Amino acid sequence: LSHAISQALAAGNGVIVKVPSLAPISAQKILDILNQLGLPEGIVQFLFGSGVELNPLLAGHPGLQAYFYLGHHSHSQQLIEATALRRKK
């Protein structure tokens, strides 16, 4: 997770992380460390919630230009479908 975030930040991008449901404390620790670095507010945002609900919303959002997915393969099909629907419009 931290590797993907650091690459995006190094390229000048903002980052939205859908926190794994089974690891919210680890994600909170990473967010605390990033806040200590003095990044501008809002550059890194963490979303806590169900991947089943949030992943398709993120992938289908018109303001999202790219996404990097680390997670269970069963959720990847939802992301592919949401991205395909966005591209058809």
# chains A, B, ... in the order shown; residues from 1 in each chain; ligands from 1
call {"tool": "select_by_dssp", "arguments": {"residues": "chain A", "states": "alpha helix (DSSP H)", "output": "VMD selection string"}}
result
chain A and resid 2 to 10 24 to 36 51 to 60 73 to 88
call {"tool": "residues_around", "arguments": {"residues": "Ala4 of chain A", "least_positions_apart": "5", "cutoff": "10 Å", "atoms": "only C-alpha atoms", "output": "number ranges by chain"}}
result
A: 9, 15, 17, 68-70
call {"tool": "closest_residue", "arguments": {"among": "A:His73, A:Gly63, A:Glu81, A:Ile5", "to": "Leu34 of chain A", "atoms": "only C-alpha atoms"}}
result
A:Ile5
call {"tool": "closest_residue", "arguments": {"among": "A:Gly42, A:Gln65, A:His3, A:Pro56", "to": "Ala82 of chain A", "atoms": "only C-alpha atoms"}}
result
A:Pro56
call {"tool": "atom_distance", "arguments": {"atom1": "atom CA of Ala27 of chain A", "atom2": "atom CA of Ser50 of chain A"}}
result
14.5 Å
call {"tool": "select_by_dssp", "arguments": {"residues": "chain A", "states": "strand (DSSP E)", "output": "mmCIF file with N, CA and C atoms, in the first residue's frame"}}
result
data_model
loop_
_atom_site.group_PDB
_atom_site.id
_atom_site.type_symbol
_atom_site.label_atom_id
_atom_site.label_comp_id
_atom_site.auth_asym_id
_atom_site.auth_seq_id
_atom_site.Cartn_x
_atom_site.Cartn_y
_atom_site.Cartn_z
ATOM 1 N N VAL A 15 -4.093 11.060 -3.992
ATOM 2 C CA VAL A 15 -4.367 9.640 -3.794
ATOM 3 C C VAL A 15 -5.616 9.465 -2.940
ATOM 4 N N ILE A 16 -6.488 8.552 -3.383
ATOM 5 C CA ILE A 16 -7.631 8.125 -2.578
ATOM 6 C C ILE A 16 -7.440 6.639 -2.317
ATOM 7 N N VAL A 17 -7.428 6.260 -1.049
ATOM 8 C CA VAL A 17 -7.226 4.864 -0.678
ATOM 9 C C VAL A 17 -8.502 4.327 -0.057
ATOM 10 N N LYS A 18 -9.034 3.248 -0.641
ATOM 11 C CA LYS A 18 -10.134 2.526 -0.014
ATOM 12 C C LYS A 18 -9.463 1.536 0.918
ATOM 13 N N VAL A 44 -3.747 13.074 0.256
ATOM 14 C CA VAL A 44 -3.988 11.655 0.495
ATOM 15 C C VAL A 44 -5.262 11.537 1.314
ATOM 16 N N GLN A 45 -6.223 10.812 0.783
ATOM 17 C CA GLN A 45 -7.493 10.622 1.479
ATOM 18 C C GLN A 45 -7.759 9.131 1.635
ATOM 19 N N PHE A 46 -8.228 8.750 2.805
ATOM 20 C CA PHE A 46 -8.546 7.361 3.081
ATOM 21 C C PHE A 46 -10.049 7.215 3.231
ATOM 22 N N LEU A 47 -10.614 6.208 2.561
ATOM 23 C CA LEU A 47 -12.041 5.895 2.682
ATOM 24 C C LEU A 47 -12.188 4.589 3.441
#
call {"tool": "closest_residue", "arguments": {"among": "A:Ala11, A:Leu79, A:Leu64, A:Ala84", "to": "Gly51 of chain A", "atoms": "only C-alpha atoms"}}
result
A:Leu79
call {"tool": "closest_residue", "arguments": {"among": "A:Leu31, A:Val52, A:Leu22, A:Ile43", "to": "Ser74 of chain A", "atoms": "only C-alpha atoms"}}
result
A:Val52
call {"tool": "closest_residue", "arguments": {"among": "A:Gly49, A:Gly60, A:Gly38, A:Gly14", "to": "Gln78 of chain A", "atoms": "only C-alpha atoms"}}
result
A:Gly60
call {"tool": "closest_residue", "arguments": {"among": "A:Val19, A:Asn35, A:Ala66, A:His61", "to": "Phe48 of chain A", "atoms": "only C-alpha atoms"}}
result
A:Val19
call {"tool": "atom_distance", "arguments": {"atom1": "atom CA of Leu37 of chain A", "atom2": "atom CA of Ala10 of chain A"}}
result
13.6 Å
